Structure formats: C-alpha cells, structure tokens
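See structure below.
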Amino acid sequence: QVQLVESGGGSVQAGGSLRLSCAASGYTYSSGCMGWFRQAPGKEREGVVGIYTGGSSTYYADSVKGRFTISQDNAKNTLYLQMNSLKPEDTAMYYCAARHNWCSDGIWFYPARFSYWGQGTQVTVSS
C-alpha cells in the first residue's frame, strides 16, 4: 500500500522560502513519476513540479520556474520541494502525488490520473 505524507508547510512573507517534504512508503521510484500539485480556494488543482523515473528529468510549471526546485532522496524515499522567492499567489494547499504509469509533461494537467496522494500541507504567503 502506497502512502505519501507531506510536511514543511507554513506561513511566510513574500520573498521568503519554504521546503516541503513528501515521505513515501510502498512506492518504488523505478517507474512513473512523482510531484507536487497545489490548490488554492476556489481554483482547480494544478501541477507545479514533477520528477520522472530515476530523476532523469523534471517538469516545472511556468509560474514557478526559477523559484522552485524538486529533488528526491532515494535512500530516504523522500521527495522535496524547495520554494524560494515565494509570492502571495503561491498560497495554496500543496499535495504530493505519484503514479506508476508512463508520464510526460502533459500528465501534470490531469491530476485525476495520479493514483496516490498525500493529505496536503498548507502554504501561506503574505504580502
């Protein structure tokens, strides 16, 4: 059974930084992809960043390029999201997600195609 547990959310001022963690159990990095989605009140869930099998390539939404960095520690089965230069529009619930099937950049527009989800961690950025 796959379990994803996020941590690291919080409240920061604009320009600040946060690092989110996603501890995965029961999930192997040998196939598919993992990443982070976010959902603000009244908005649809959107894919933010992702990493593909073996960490060979990554995906970043245009809105976070140059500010967010995804990484993974295979030994700890943990996915990280380093968020720098945070903006008020980054305020949302952030979810870790994973799937075992084939992934491409387009998959991040279809959250329903991800089989596994964490409970979410809130990020609030004040101006």
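As shown in the structure tokens, the chain order sets the letters A, B, ...; within each chain, residues go from 1, and ligands are also counted from 1 in the order they appear.
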
Quick one: which region 79-102 of chain A residues come within 7 Å of region 7-21 of chain A, and what is the nearest atom pair for each with the distance in Å to one decimal, counting only C-alpha atoms, rows ordered by chain and ascending number, as a Markdown table?
```
| residue | atom | partner | partner_atom | distance |
| --- | --- | --- | --- | --- |
| A:Leu79 | CA | A:Ser21 | CA | 5.7 |
| A:Tyr80 | CA | A:Ser21 | CA | 4.6 |
| A:Leu81 | CA | A:Leu20 | CA | 5.0 |
| A:Gln82 | CA | A:Arg19 | CA | 4.4 |
| A:Met83 | CA | A:Leu18 | CA | 5.2 |
| A:Asn84 | CA | A:Ser17 | CA | 4.4 |
| A:Ser85 | CA | A:Gly15 | CA | 4.1 |
| A:Leu86 | CA | A:Gly15 | CA | 4.9 |
| A:Lys87 | CA | A:Ala14 | CA | 5.0 |
| A:Pro88 | CA | A:Ala14 | CA | 6.3 |
```

The residue from A:Ala24, A:Ala61, A:Ala98, A:Val2 with the smallest atom-to-atom distance to Asp73 (chain A), counting only C-alpha atoms, is A:Ala24

Point out the residue among A:Ser127, A:Ser57, A:Gln122, A:Asn101 with the least atom-to-atom distance to Gly32 (chain A), counting only C-alpha atoms.
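Answer, going by the shortest atom-to-atom distance: A:Asn101.
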
Please extract the residues of region 83-125 of chain A with a backbone DSSP assignment of strand (DSSP E or B) and present them as a PyMOL selection string.
chain A and resi 83+92-99+116-117+121-125

Selected residues, C-alpha atoms, written as a PDB file, in the first residue's frame, please.
```
ATOM      1  CA  MET A  83      10.385  27.036  -2.750  1.00  0.00           C
ATOM      2  CA  ALA A  92      -2.389  27.084  -1.597  1.00  0.00           C
ATOM      3  CA  MET A  93      -2.668  23.596  -0.202  1.00  0.00           C
ATOM      4  CA  TYR A  94       0.228  21.606  -1.622  1.00  0.00           C
ATOM      5  CA  TYR A  95      -0.199  17.913  -2.344  1.00  0.00           C
ATOM      6  CA  CYS A  96       2.353  15.258  -3.097  1.00  0.00           C
ATOM      7  CA  ALA A  97       1.217  12.798  -5.764  1.00  0.00           C
ATOM      8  CA  ALA A  98       2.572   9.752  -7.545  1.00  0.00           C
ATOM      9  CA  ARG A  99       1.707   7.328 -10.299  1.00  0.00           C
ATOM     10  CA  TYR A 116      -1.603   8.212  -4.935  1.00  0.00           C
ATOM     11  CA  TRP A 117      -1.991  11.404  -2.923  1.00  0.00           C
ATOM     12  CA  THR A 121       0.224  20.792   3.581  1.00  0.00           C
ATOM     13  CA  GLN A 122      -0.783  24.448   3.654  1.00  0.00           C
ATOM     14  CA  VAL A 123       1.491  27.174   2.344  1.00  0.00           C
ATOM     15  CA  THR A 124       0.513  30.764   3.051  1.00  0.00           C
ATOM     16  CA  VAL A 125       2.485  33.696   1.690  1.00  0.00           C
TER      17      VAL A 125
END
```

So that I can check the surroundings of Arg45 (chain A), please list as a list in words every protein, DNA and RNA residue that reaches within 10 Å of it, counting only C-alpha atoms and ignoring chain neighbours fewer than 2 positions away.
Phe37, Arg38, Gln39, Ala40, Pro41, Gly42, Lys43, Gly47, Val48, Ala92, Met93, Tyr94, Tyr95, Trp108, Phe109, Tyr110, Pro111 and Ala112 of chain A

Restricting the calculation to only C-alpha atoms, which member of A:Met34, A:Asn74, A:Thr28, A:Asp62 is positioned closest to Gly118 (chain A)?
A:Met34

Enumerate the residues of region 1-89 of chain A with a DSSP assignment of helix (DSSP H, G or I), computed from the backbone, and present them as a PyMOL selection string.
chain A and resi 53-55+88-89

Take the residues from that selection and write them out as a CSV table (one decimal), in the first residue's frame, keeping C-alpha atoms.
```csv
chain,number,residue,atom,x,y,z
A,53,THR,CA,11.7,7.8,-13.3
A,54,GLY,CA,15.1,7.8,-11.8
A,55,GLY,CA,15.2,11.6,-11.6
A,88,PRO,CA,1.3,35.7,-2.4
A,89,GLU,CA,-0.1,33.8,-5.4
```

Residue with smallest distance to Gln119 (chain A) - pool A:Ala23, A:Ile70, A:Cys103, A:Leu4, counting only C-alpha atoms:
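Once distances to Gln119 (chain A) are computed over only C-alpha atoms, the minimum belongs to A:Leu4.
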